[in-house]
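Trainee: Below is the file entry_4.csv, with CSV, C-alpha atoms and all ligand atoms.
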chain,number,residue,atom,x,y,z
A,1,MET,CA,85.7,-2.3,28.0
A,2,ARG,CA,87.5,0.0,25.6
A,3,ALA,CA,90.1,2.6,26.8
A,4,GLN,CA,88.6,6.1,27.0
A,5,ILE,CA,91.1,8.7,26.0
A,6,VAL,CA,91.3,12.4,25.8
A,7,ALA,CA,94.4,13.7,24.0
A,8,GLY,CA,95.4,17.3,23.5
A,9,ASN,CA,97.0,18.1,20.2
A,10,TRP,CA,98.9,21.3,20.9
A,11,LYS,CA,99.9,21.6,17.2
A,12,MET,CA,102.6,24.4,16.6
A,13,ASN,CA,101.8,26.3,19.7
A,14,ASN,CA,103.6,26.9,23.0
A,15,ASP,CA,107.3,27.6,23.4
A,16,LEU,CA,109.3,26.0,26.2
A,17,ALA,CA,108.2,28.5,28.9
A,18,MET,CA,104.5,28.2,27.9
A,19,THR,CA,104.8,24.5,27.8
A,20,GLU,CA,106.0,24.4,31.4
A,21,THR,CA,103.4,26.9,32.5
A,22,LEU,CA,100.5,24.9,30.9
A,23,ILE,CA,101.8,21.6,32.4
A,24,THR,CA,101.9,23.2,35.8
A,25,GLU,CA,98.3,24.3,35.3
A,26,LEU,CA,97.3,20.9,34.1
A,27,LYS,CA,98.8,19.3,37.2
A,28,ASN,CA,96.7,21.5,39.4
A,29,GLN,CA,93.4,20.3,37.7
A,30,LYS,CA,91.1,17.9,39.4
A,31,LYS,CA,90.4,14.8,37.4
A,32,THR,CA,87.1,13.1,38.1
A,33,SER,CA,86.9,10.7,35.1
A,34,ASP,CA,88.7,7.5,34.3
A,35,ALA,CA,89.9,8.7,30.9
A,36,GLU,CA,93.5,8.3,29.9
A,37,VAL,CA,94.9,11.8,29.4
A,38,MET,CA,97.5,12.7,26.9
A,39,ILE,CA,99.2,15.9,25.6
A,40,ALA,CA,101.1,16.3,22.3
A,41,PRO,CA,103.5,19.3,22.6
A,42,THR,CA,105.8,20.1,19.7
A,43,PHE,CA,109.0,18.1,19.2
A,44,THR,CA,111.3,20.5,20.9
A,45,ASN,CA,109.3,20.5,24.1
A,46,LEU,CA,108.7,16.7,24.4
A,47,TRP,CA,111.6,16.1,26.8
A,48,ALA,CA,110.8,19.0,29.1
A,49,ALA,CA,107.1,17.8,29.1
A,50,PHE,CA,108.1,14.3,29.8
A,51,GLN,CA,110.3,15.3,32.7
A,52,ALA,CA,107.6,17.7,34.2
A,53,LEU,CA,105.1,14.8,34.0
A,54,ARG,CA,107.2,12.0,35.4
A,55,GLN,CA,105.1,9.9,37.8
A,56,PHE,CA,102.0,12.0,36.8
A,57,PRO,CA,99.1,10.3,34.9
A,58,ILE,CA,99.3,12.5,31.8
A,59,GLU,CA,101.1,10.8,28.9
A,60,VAL,CA,103.3,12.9,26.6
A,61,ILE,CA,102.8,11.9,23.0
A,62,ALA,CA,104.1,13.1,19.6
A,63,GLN,CA,102.2,14.8,16.8
A,64,ASN,CA,104.1,13.1,14.0
A,65,MET,CA,107.2,11.1,13.1
A,66,HIS,CA,109.1,9.9,10.0
A,67,PHE,CA,108.9,6.3,8.6
A,68,ALA,CA,112.6,5.7,8.4
A,69,GLU,CA,114.6,4.4,11.3
A,70,ASN,CA,117.3,7.0,10.7
A,71,GLY,CA,119.3,8.5,7.9
A,72,ALA,CA,119.5,11.5,5.5
A,73,TYR,CA,116.1,13.0,6.1
A,74,THR,CA,116.9,16.6,7.1
A,75,GLY,CA,114.4,18.1,9.6
A,76,GLU,CA,112.7,14.8,10.5
A,77,VAL,CA,112.3,12.9,13.7
A,78,SER,CA,112.4,9.1,14.1
A,79,ALA,CA,110.6,6.6,16.3
A,80,GLU,CA,113.7,5.8,18.2
A,81,MET,CA,114.3,9.5,18.9
A,82,LEU,CA,110.8,9.9,20.3
A,83,LYS,CA,111.2,6.8,22.5
A,84,SER,CA,114.5,8.1,23.8
A,85,VAL,CA,112.7,11.1,25.3
A,86,GLY,CA,109.9,9.0,26.8
A,87,VAL,CA,107.3,9.1,24.0
A,88,GLN,CA,105.4,5.9,23.5
A,89,THR,CA,102.5,7.1,21.4
A,90,VAL,CA,102.3,9.1,18.2
A,91,ILE,CA,99.5,10.8,16.3
A,92,LEU,CA,99.7,9.9,12.6
A,93,GLY,CA,97.6,11.0,9.6
A,94,HIS,CA,96.3,14.3,11.1
A,95,SER,CA,94.4,16.1,8.3
A,96,GLU,CA,96.8,19.0,8.6
A,97,ARG,CA,99.7,16.7,7.8
A,98,ARG,CA,97.7,15.2,4.9
A,99,ALA,CA,96.7,18.7,3.5
A,100,TYR,CA,99.8,20.8,4.1
A,101,PHE,CA,102.6,18.2,4.0
A,102,ASN,CA,101.1,16.0,1.3
A,103,GLU,CA,101.0,12.9,3.5
A,104,THR,CA,99.3,10.1,1.5
A,105,ASP,CA,97.7,6.9,2.7
A,106,GLU,CA,100.7,5.0,1.3
A,107,LEU,CA,103.2,7.1,3.3
A,108,LEU,CA,101.1,6.8,6.4
A,109,ALA,CA,101.0,3.0,6.1
A,110,LYS,CA,104.8,3.1,6.3
A,111,LYS,CA,104.7,5.4,9.3
A,112,VAL,CA,102.2,3.1,11.0
A,113,ASP,CA,104.5,0.1,10.4
A,114,THR,CA,107.5,1.9,11.8
A,115,ALA,CA,105.7,3.0,14.9
A,116,LEU,CA,104.3,-0.5,15.6
A,117,LYS,CA,107.7,-2.1,14.9
A,118,ASN,CA,109.1,0.2,17.5
A,119,GLU,CA,106.4,-0.9,19.9
A,120,MET,CA,104.7,2.5,20.0
A,121,ARG,CA,101.0,3.1,20.1
A,122,VAL,CA,99.4,5.0,17.2
A,123,ILE,CA,96.5,7.5,17.2
A,124,PHE,CA,95.5,7.3,13.5
A,125,CYS,CA,93.4,10.1,12.2
A,126,VAL,CA,90.8,9.9,9.4
A,127,GLY,CA,88.1,12.2,8.2
A,128,GLU,CA,86.4,13.7,5.2
A,129,GLU,CA,86.4,17.2,3.8
A,130,LEU,CA,83.3,19.3,3.5
A,131,ASN,CA,82.7,18.5,-0.2
A,132,ASP,CA,82.9,14.8,0.6
A,133,ARG,CA,80.1,15.2,3.1
A,134,LYS,CA,78.0,17.4,0.9
A,135,SER,CA,78.2,14.8,-1.9
A,136,ASP,CA,77.4,12.0,0.6
A,137,ASN,CA,80.8,10.4,0.0
A,138,HIS,CA,82.1,10.7,3.6
A,139,GLU,CA,81.9,7.1,4.5
A,140,ASN,CA,83.7,6.1,1.3
A,141,VAL,CA,86.5,8.5,2.0
A,142,VAL,CA,87.0,7.3,5.6
A,143,GLU,CA,86.8,3.7,4.6
A,144,ASN,CA,89.5,4.1,2.0
A,145,GLN,CA,91.8,6.0,4.4
A,146,ILE,CA,91.5,3.0,6.8
A,147,LYS,CA,91.8,0.4,4.1
A,148,ASN,CA,94.9,2.0,2.5
A,149,ALA,CA,96.8,2.7,5.6
A,150,LEU,CA,95.8,0.0,8.0
A,151,PHE,CA,94.3,-3.1,6.3
A,152,HIS,CA,97.7,-4.7,5.7
A,153,LEU,CA,98.0,-5.1,9.5
A,154,ASP,CA,97.3,-8.3,11.4
A,155,ALA,CA,94.4,-8.3,13.8
A,156,ASN,CA,96.7,-8.2,16.9
A,157,ALA,CA,98.3,-4.9,15.7
A,158,TYR,CA,95.1,-3.2,16.7
A,159,GLU,CA,96.0,-3.6,20.3
A,160,ASN,CA,98.3,-0.6,19.6
A,161,ILE,CA,96.0,1.4,17.4
A,162,VAL,CA,93.5,4.1,18.4
A,163,LEU,CA,91.5,5.7,15.7
A,164,ALA,CA,90.5,9.4,15.6
A,165,TYR,CA,87.6,10.5,13.4
A,166,GLU,CA,88.1,14.2,12.6
A,167,PRO,CA,85.9,15.6,9.9
A,168,VAL,CA,88.2,18.2,8.3
A,169,TRP,CA,85.3,20.8,8.1
A,170,ALA,CA,85.0,20.7,11.9
A,171,ILE,CA,88.7,21.2,12.8
A,172,GLY,CA,89.4,24.7,14.2
A,173,THR,CA,86.2,26.0,12.7
A,174,GLY,CA,84.0,26.1,15.7
A,175,GLU,CA,81.7,23.8,13.8
A,176,THR,CA,81.3,20.3,15.3
A,177,ALA,CA,79.8,17.3,13.8
A,178,THR,CA,76.5,16.7,15.6
A,179,PRO,CA,76.8,13.9,18.2
A,180,GLU,CA,74.6,11.9,15.8
A,181,GLN,CA,77.0,12.4,12.9
A,182,ALA,CA,79.9,11.4,15.1
A,183,GLN,CA,78.1,8.3,16.3
A,184,GLU,CA,77.1,7.3,12.8
A,185,MET,CA,80.7,7.5,11.5
A,186,HIS,CA,82.2,5.8,14.5
A,187,ALA,CA,79.7,2.9,14.1
A,188,PHE,CA,80.6,2.8,10.4
A,189,ILE,CA,84.3,2.7,11.3
A,190,ARG,CA,83.7,-0.1,13.7
A,191,LYS,CA,81.7,-2.0,11.1
A,192,THR,CA,84.5,-1.6,8.6
A,193,LEU,CA,86.9,-3.1,11.0
A,194,SER,CA,84.6,-6.0,12.0
A,195,ASN,CA,84.0,-6.8,8.3
A,196,LYS,CA,87.7,-7.0,7.6
A,197,TYR,CA,88.8,-8.6,10.9
A,198,SER,CA,86.3,-9.6,13.6
A,199,ASN,CA,83.9,-8.2,16.2
A,200,ASP,CA,86.6,-8.8,18.7
A,201,VAL,CA,89.0,-6.4,17.0
A,202,SER,CA,86.4,-3.8,16.3
A,203,ASP,CA,84.9,-3.9,19.8
A,204,LYS,CA,88.3,-3.3,21.4
A,205,VAL,CA,89.5,-0.4,19.3
A,206,SER,CA,89.0,3.0,20.9
A,207,ILE,CA,87.7,5.6,18.4
A,208,LEU,CA,88.1,9.3,19.4
A,209,TYR,CA,86.2,12.2,17.9
A,210,GLY,CA,88.0,15.4,17.0
A,211,GLY,CA,86.9,18.7,15.7
A,212,SER,CA,85.9,21.7,17.8
A,213,VAL,CA,85.3,19.7,20.9
A,214,LYS,CA,84.7,22.3,23.7
A,215,PRO,CA,83.6,22.1,27.4
A,216,ASN,CA,80.0,22.9,26.3
A,217,ASN,CA,79.6,20.1,23.7
A,218,ALA,CA,82.0,17.4,25.0
A,219,LYS,CA,79.5,15.6,27.3
A,220,GLU,CA,76.9,15.1,24.6
A,221,ILE,CA,79.5,13.8,22.0
A,222,PHE,CA,81.1,11.5,24.6
A,223,SER,CA,77.7,10.1,25.6
A,224,LYS,CA,77.5,8.3,22.2
A,225,PRO,CA,78.2,4.6,22.5
A,226,ASP,CA,80.9,4.4,19.9
A,227,VAL,CA,82.7,7.6,20.9
A,228,ASP,CA,85.5,6.6,23.2
A,229,GLY,CA,87.0,10.1,23.9
A,230,GLY,CA,88.4,13.0,22.0
A,231,LEU,CA,91.3,14.5,20.2
A,232,ILE,CA,91.3,18.1,21.2
A,233,GLY,CA,93.0,21.0,19.5
A,234,GLY,CA,92.2,24.6,20.4
A,235,ALA,CA,90.6,23.8,23.8
A,236,SER,CA,93.6,21.7,24.9
A,237,LEU,CA,95.7,24.9,25.2
A,238,ASN,CA,93.7,26.0,28.2
A,239,ALA,CA,94.0,23.8,31.3
A,240,ASN,CA,90.5,24.5,32.6
A,241,ASP,CA,88.9,23.9,29.3
A,242,PHE,CA,90.9,20.8,28.6
A,243,PHE,CA,90.1,19.2,32.0
A,244,ALA,CA,86.4,20.2,31.7
A,245,ILE,CA,86.5,18.0,28.5
A,246,VAL,CA,88.5,15.2,30.2
A,247,ASN,CA,85.9,15.2,33.0
A,248,ALA,CA,83.0,15.2,30.6
A,249,ILE,CA,83.7,11.5,29.9
B,1,LIG,P1,90.2,21.6,17.2
B,1,LIG,O1,91.3,20.6,16.6
B,1,LIG,O2,89.7,21.0,18.5
B,1,LIG,O3,90.9,22.9,17.3
B,1,LIG,O4,89.1,21.6,16.2
B,1,LIG,C1,91.2,19.2,16.6
B,1,LIG,C2,92.4,18.5,16.0
B,1,LIG,O5,92.9,19.0,14.9
B,1,LIG,O6,92.9,17.5,16.5
Taking this structure as input, can you express it in the form of C-alpha cells?
Mentor:
Amino acid sequence: MRAQIVAGNWKMNNDLAMTETLITELKNQKKTSDAEVMIAPTFTNLWAAFQALRQFPIEVIAQNMHFAENGAYTGEVSAEMLKSVGVQTVILGHSERRAYFNETDELLAKKVDTALKNEMRVIFCVGEELNDRKSDNHENVVENQIKNALFHLDANAYENIVLAYEPVWAIGTGETATPEQAQEMHAFIRKTLSNKYSNDVSDKVSILYGGSVKPNNAKEIFSKPDVDGGLIGGASLNANDFFAIVNAI
C-alpha cells in the first residue's frame, strides 16, 4: 500500500503571525482520512511551525534547499539547517523554482543527492507547460525531467522519494487537469519507473497531483488509481479548504 499524502505548499505567503494563526486553525480541523498531512511554510517560519505542531500529526516541510552542505552561498539554506529546525522533507523542482530561478534538471539532481545523503525525504515535482501539452509532447517532457534528475539513483533511494505531477498550465490558474489526464500521466510516470527499475519500485512510489486542486474537485482526482494524494497551493492557505481536500482521500 502506497503512502497517501496531502501537502500544502504555502509558497511566499504568511508572515509569522499568520503562520501561527493558520496552524491553530489547522489543529482545530477534524481529520477523517488516513492521508499523511504536510505543510510547507516559508523558511523563516519553519521553526515556529515545527514547535506549534510538535506531537501533532502534521509534518512541517521545506519548499526548497541548496545542494551544498554549507559555504559561501549568500541567501541560501542547507539540508543541515533544515534538519536542525525539525524539517525532514523538502519539495524540490517546483515549476516556479524551475521557471523563475532557473533551476535545471542537472542542478536538481544535485539537490536530490544532498537531501538523500542527509536522510531527508524529497517531494520531487515534474510537469509540462501548456505548449508541451498542445504539441503532444507532455510525456516526453516529464520523462526527461525524471531521467535527468532521478535516474542516477539506486532503486532503494526511492523509499525516500515522492513524485508530484504538476502541469504548469494548471498551477494557480484555476484550470485543473481532468482526472483522466492526471491518471494517464501518473500511470505513465509509474511505467517510466518500472521500465528503468522494477514494478516493485514503481508500485511503492507515491505520486501526488498538483495544480488547482480544490475541495470541489479533489475527490474525483484522488479517486484515480495512480493518484496518491495532492500538492496543494492556493487552497492550502485556508484551513477549511485544506482539510476538505485532506478528507477527500
Ligand atoms: P495551486 O498550486 O494549487 O495554487 O495551483 C499548486 C502548486 O504549485 O503546488
Trainee: List all protein, DNA and RNA residues that have any atom at most 7 Å from ligand LIG 1 (chain B), counting all atoms listed in the file, and write the list as a list in words.
Mentor: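 Written in the requested form, the residues are Asn9, His94, Glu166, Ala170, Ile171, Gly172, Thr173, Gly174, Gly210, Gly211, Ser212, Val213, Leu231, Ile232, Gly233, Gly234 and Ala235 of chain A.
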Trainee: Could you check the closest approach to A:Ser223 for each of A:Ile249, A:Val162, A:Ile207, A:Ala157 and tell me which residue wins, using all atoms listed in the file?
Mentor: A:Ile249
Trainee: What does the distance from atom CA of A:Ile61 to atom CA of A:Val87 come to in Å, to one decimal?
Mentor: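 Computing it gives 5.4 Å between the two atoms.
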Trainee: Would you mind telling me which residue in A:Lys147, A:Lys219, A:Lys191, A:Arg97 lies nearest to A:Val168 when using all atoms listed in the file?
Mentor: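 Residue with the minimum atom-to-atom distance to A:Val168: A:Arg97.
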Trainee: Which is closer to A:Ala239 than all the others in A:Thr24, A:Ser33, A:Asn195, A:Asn137, using all atoms listed in the file?
Mentor: A:Thr24
Trainee: Set the distance at 9 Å and use all atoms listed in the file: which residues neighbour stretch 101-107 of chain A once local chain neighbours fewer than 3 positions away are removed? I'd like the list as an mmCIF file with C-alpha atoms, keeping the file's coordinate frame.
Mentor:
data_model
loop_
_atom_site.group_PDB
_atom_site.id
_atom_site.type_symbol
_atom_site.label_atom_id
_atom_site.label_comp_id
_atom_site.auth_asym_id
_atom_site.auth_seq_id
_atom_site.Cartn_x
_atom_site.Cartn_y
_atom_site.Cartn_z
ATOM 1 C CA PHE A 67 108.900 6.300 8.600
ATOM 2 C CA GLY A 93 97.600 11.000 9.600
ATOM 3 C CA SER A 95 94.400 16.100 8.300
ATOM 4 C CA GLU A 96 96.800 19.000 8.600
ATOM 5 C CA ARG A 97 99.700 16.700 7.800
ATOM 6 C CA ARG A 98 97.700 15.200 4.900
ATOM 7 C CA LYS A 110 104.800 3.100 6.300
ATOM 8 C CA LYS A 111 104.700 5.400 9.300
ATOM 9 C CA VAL A 112 102.200 3.100 11.000
ATOM 10 C CA ASN A 144 89.500 4.100 2.000
ATOM 11 C CA GLN A 145 91.800 6.000 4.400
ATOM 12 C CA ILE A 146 91.500 3.000 6.800
ATOM 13 C CA LYS A 147 91.800 0.400 4.100
ATOM 14 C CA ASN A 148 94.900 2.000 2.500
ATOM 15 C CA ALA A 149 96.800 2.700 5.600
ATOM 16 C CA LEU A 150 95.800 0.000 8.000
#
Trainee: Tell me which protein, DNA and RNA residues are within 12 Å of A:Asp203, counting only C-alpha atoms, leaving out same-chain ones fewer than 3 positions away, and put them as a PyMOL selection string.
Mentor: chain A and resi 1-3+158-159+162+186-187+189-195+197-200+206-207+225-228
Trainee: Measuring atom to atom with only C-alpha atoms, identify which of A:Val122, A:Ala72, A:Ala115, A:Val85 is nearest to A:Ala48.
Mentor: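 The answer is A:Val85, which sits nearest to A:Ala48.
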Trainee: Find the distance between atom CA of A:Leu53 and atom CA of A:His66 and write it in Å to one decimal.
Mentor: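 Distance reported for this atom pair: 24.8 Å.
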Trainee: List the residues sitting within 9 Å of (103.0, 25.2, 21.8) in the file's frame, using all atoms listed in the file, as an NGL selection string.
Mentor: :A and (10-16 or 18-19 or 41-42 or 45 or 237)
Trainee: In Å to one decimal, how far is atom CA of A:Tyr73 from atom CA of A:Glu119?
Mentor: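 Atom CA of A:Tyr73 lies at a distance of 21.9 Å from atom CA of A:Glu119.
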Trainee: Using only C-alpha atoms, can you tell me which of A:Gln4, A:Asn240, A:Glu59, A:Asn64 comes closest to A:Thr114?
Mentor: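 Among the listed residues, the smallest separation from A:Thr114 belongs to A:Asn64.
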Trainee: A:Ala109, A:Trp169, A:Glu143, A:Val246: which is nearest A:Leu130, counting all atoms listed in the file?
Mentor: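 Among the listed residues, A:Trp169 lies closest to A:Leu130.
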Trainee: Do you know which residues lie at most 12 Å from (99.0, 19.7, 38.5), with coordinates as in the file and only C-alpha atoms counted, and could you write them as a VMD selection string?
Mentor: chain A and resid 20 to 31 52 to 58 239 to 240 243
Trainee: Fix up stretch 152-168 of chain A with N, CA, C and O atoms, then write it as an mmCIF file, in the frame of the given file.
Mentor:
data_model
loop_
_atom_site.group_PDB
_atom_site.id
_atom_site.type_symbol
_atom_site.label_atom_id
_atom_site.label_comp_id
_atom_site.auth_asym_id
_atom_site.auth_seq_id
_atom_site.Cartn_x
_atom_site.Cartn_y
_atom_site.Cartn_z
ATOM 1 N N HIS A 152 96.611 -3.669 5.849
ATOM 2 C CA HIS A 152 97.700 -4.700 5.700
ATOM 3 C C HIS A 152 98.109 -5.231 7.063
ATOM 4 O O HIS A 152 98.901 -6.165 7.123
ATOM 5 N N LEU A 153 97.578 -4.661 8.142
ATOM 6 C CA LEU A 153 98.000 -5.100 9.500
ATOM 7 C C LEU A 153 97.304 -6.367 9.917
ATOM 8 O O LEU A 153 96.165 -6.622 9.528
ATOM 9 N N ASP A 154 97.969 -7.133 10.782
ATOM 10 C CA ASP A 154 97.300 -8.300 11.400
ATOM 11 C C ASP A 154 96.360 -7.784 12.489
ATOM 12 O O ASP A 154 96.539 -6.696 13.037
ATOM 13 N N ALA A 155 95.417 -8.661 12.822
ATOM 14 C CA ALA A 155 94.400 -8.300 13.800
ATOM 15 C C ALA A 155 95.082 -7.861 15.148
ATOM 16 O O ALA A 155 94.656 -6.894 15.790
ATOM 17 N N ASN A 156 96.145 -8.550 15.540
ATOM 18 C CA ASN A 156 96.700 -8.200 16.900
ATOM 19 C C ASN A 156 97.411 -6.861 16.895
ATOM 20 O O ASN A 156 97.659 -6.310 17.960
ATOM 21 N N ALA A 157 97.715 -6.282 15.712
ATOM 22 C CA ALA A 157 98.300 -4.900 15.700
ATOM 23 C C ALA A 157 97.361 -3.907 16.276
ATOM 24 O O ALA A 157 97.787 -2.863 16.787
ATOM 25 N N TYR A 158 96.062 -4.202 16.229
ATOM 26 C CA TYR A 158 95.100 -3.200 16.700
ATOM 27 C C TYR A 158 95.087 -3.007 18.199
ATOM 28 O O TYR A 158 94.457 -2.083 18.707
ATOM 29 N N GLU A 159 95.837 -3.855 18.897
ATOM 30 C CA GLU A 159 96.000 -3.600 20.300
ATOM 31 C C GLU A 159 96.742 -2.264 20.538
ATOM 32 O O GLU A 159 96.653 -1.649 21.599
ATOM 33 N N ASN A 160 97.483 -1.851 19.519
ATOM 34 C CA ASN A 160 98.300 -0.600 19.600
ATOM 35 C C ASN A 160 97.768 0.505 18.709
ATOM 36 O O ASN A 160 98.519 1.430 18.408
ATOM 37 N N ILE A 161 96.549 0.356 18.228
ATOM 38 C CA ILE A 161 96.000 1.400 17.400
ATOM 39 C C ILE A 161 94.752 1.998 18.027
ATOM 40 O O ILE A 161 93.878 1.283 18.518
ATOM 41 N N VAL A 162 94.736 3.311 18.007
ATOM 42 C CA VAL A 162 93.500 4.100 18.400
ATOM 43 C C VAL A 162 93.153 4.834 17.149
ATOM 44 O O VAL A 162 94.024 5.342 16.439
ATOM 45 N N LEU A 163 91.874 4.926 16.842
ATOM 46 C CA LEU A 163 91.500 5.700 15.700
ATOM 47 C C LEU A 163 90.901 7.052 16.148
ATOM 48 O O LEU A 163 90.350 7.149 17.261
ATOM 49 N N ALA A 164 91.081 8.070 15.333
ATOM 50 C CA ALA A 164 90.500 9.400 15.600
ATOM 51 C C ALA A 164 89.715 9.821 14.404
ATOM 52 O O ALA A 164 90.318 9.980 13.331
ATOM 53 N N TYR A 165 88.396 9.983 14.553
ATOM 54 C CA TYR A 165 87.600 10.500 13.400
ATOM 55 C C TYR A 165 87.543 12.023 13.590
ATOM 56 O O TYR A 165 87.014 12.548 14.583
ATOM 57 N N GLU A 166 88.107 12.702 12.600
ATOM 58 C CA GLU A 166 88.100 14.200 12.600
ATOM 59 C C GLU A 166 87.665 14.717 11.294
ATOM 60 O O GLU A 166 88.461 14.844 10.354
ATOM 61 N N PRO A 167 86.380 15.039 11.191
ATOM 62 C CA PRO A 167 85.900 15.600 9.900
ATOM 63 C C PRO A 167 86.657 16.955 9.708
ATOM 64 O O PRO A 167 86.700 17.806 10.601
ATOM 65 N N VAL A 168 87.273 17.091 8.546
ATOM 66 C CA VAL A 168 88.200 18.200 8.300
ATOM 67 C C VAL A 168 87.390 19.552 8.458
ATOM 68 O O VAL A 168 87.918 20.542 8.970
#
